[in-house]
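Everything on this sheet refers to the single structure shown next.
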Amino acid sequence: MKKYFVTALVFLATTAAFAQKKHKNPPTRTFKDSVAEATKTPVPLSNAAANQAPSKPKKDWSKVDLSKRAADHFMFELGYDNWANPPDSANIKGFNHSFNFYFMYDFPFKSDARLSVGAGIGIGSNNIFFAGTYPQVAAYQNSTLAFAATSDGNYYKKFKLVTTYLEIPIELRYAVDPEHMDKSWKFAVGTKIGLMLSAYTVGTTVVNSVGQTLGNITVKESSKQFFSTPKFEPTVRVSKGFIGVYGQFQINSLLKAGAGQTVLPFAFGIVLSGL
């Protein structure tokens with residue numbers, strides 16, 4: 001009996017020692033271990049930072065290659081013309097129009113290819129129509145330009161006044177995409193300096209006092225005696241690709257001082273231009 005009791009005590013002591021060794025407390029974590037573990041764990045980004053797109057680098061417009069872009073081109077303008085402050089006796093009526101043709105050259109800014117200066121030379125022609133009115137441009141005995149009524153007796157049914165100028169257009173231009181001018185939006189402001197080459201009237205179709213046609217006759221009279229030789233016209237132009245619209249307004253009078261009241265021609269219309 002004593003033998004079995006000793007054996008049981010030895011078994012219990014051995015089991016207790018083994019259990020104590022197996023369930024030994026884990027080692028204590030230090031502050032250094034916590035910091036090291038924290039540095040290994042990725043810190044989640046906020047929603048704003050996660051959704052923020054990478055910033056696009058700003059384009060250096062001074063380094064844009066324009067070697068393939070033509071520097072010279074033609075510019076055509078077809079416009080509707082009229083006068084601001086016309087004489088009361090001038091009965092302007094009809095499709096008054098102008099046609100302008102220029103050869104232009106472009107000078108891009110080195111600091112920004114979107115900006116350039118355009119300059120050129122060309123011809124501008126303006127046509128103003130009158131109904132029942134005769135502009136007496138060749139009446140050398142008059143001191144002012146007279147617009148005589150033509151409703152009495154036999155008269156020319158229609159008259160038009162044609163003025164032609166040698167013009168120098170100068171523009172400050174801005175292109176949204178200077179590398180692709182055939183697709184880009186383009187804006188320009190500038191001025192035209194003109195020198196009058198000719199001024200003449202053309203009368204057509206002779207009729208009597210009751211409007212019956214007497215003959216398809218044309219008469220032409222030419223003189224610059226009443227007109228200002230130079231002209232100055234601020235201009236504006238907006239284009240998309242090769243086609244756009246333009247406007248211009250003459251700031252000096254069409255007529256000389258003392259030759260009549262201040263008449264200010266203006267025009268707007270369609271422009272075709274590569275730059």
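Naming works like this for the structure tokens: A, B, ... for the chains as they're shown, residue 1 at the start of each chain, ligands 1 onward in shown order.
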
Applying 10 Å and only C-alpha atoms, which residues near Thr144 of chain A remain after dropping the ones on its own chain fewer than 4 positions away? List them as a ChimeraX atom specification. /A:136-137,139-140,225-227,255-261

I'd like the neighbourhood of Leu254 of chain A as a PyMOL selection string, where a residue qualifies if any of its atoms comes within 9 Å (using only C-alpha atoms), though same-chain residues fewer than 3 positions away should be ignored. chain A and resi 226-231+250+262-265

Skipping near chain neighbours, those fewer than 6 positions away, what residues fall within 6 Å of Val236 of chain A using only C-alpha atoms, listed as an MDAnalysis selection string? chainID A and resid 188:189 246:247

If we count only C-alpha atoms, what is near segment 155-158 of chain A at a cut-off of 7 Å, once residues fewer than 6 positions away on the same chain are taken out, given as a tab-separated table (two decimals) with C-alpha atoms, in the first residue's frame?
chain	number	residue	atom	x	y	z
A	130	PHE	CA	-27.97	104.12	-102.72
A	131	ALA	CA	-31.60	104.16	-103.87
A	132	GLY	CA	-32.90	107.34	-105.52
A	203	GLY	CA	-24.96	104.44	-111.85
A	204	THR	CA	-27.04	101.79	-113.61
A	205	THR	CA	-30.37	101.62	-115.47
A	206	VAL	CA	-31.93	104.90	-116.64
A	207	VAL	CA	-35.62	105.25	-115.77
A	208	ASN	CA	-38.19	108.04	-116.14

Among the residues A:Gly215, A:Gly241, A:Pro169, A:Pro234, the one that comes closest to Ile121 of chain A [using only C-alpha atoms]: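 Among A:Gly215, A:Gly241, A:Pro169, A:Pro234, it is A:Pro169 that comes nearest to Ile121 of chain A.
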
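Computed from the coordinates, the atom CA of Phe95 of chain A to atom CA of Asp152 of chain A distance equals 24.8 Å.
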
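Within 6 Å of segment 171-181 of chain A there are Arg114, Leu115, Ser116, Val117, Gly118, Phe187, Ala188, Val189 and Gly190 of chain A, counting only C-alpha atoms and ignoring same-chain residues fewer than 6 positions away.
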
What does the distance between atom CA of Phe249 of chain A and atom CA of Asn82 of chain A come to in Å, to one decimal place?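 Atom CA of Asn82 of chain A lies at a distance of 10.0 Å from atom CA of Phe249 of chain A.
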
One-decimal distance in Å that lies between atom CA of Lys58 of chain A and atom CA of Asp182 of chain A: 23.4 Å

Test item, helix (DSSP H, G or I) assignment across segment 44-209 of chain A, answer as number ranges by chain: A: 47-51, 61-63
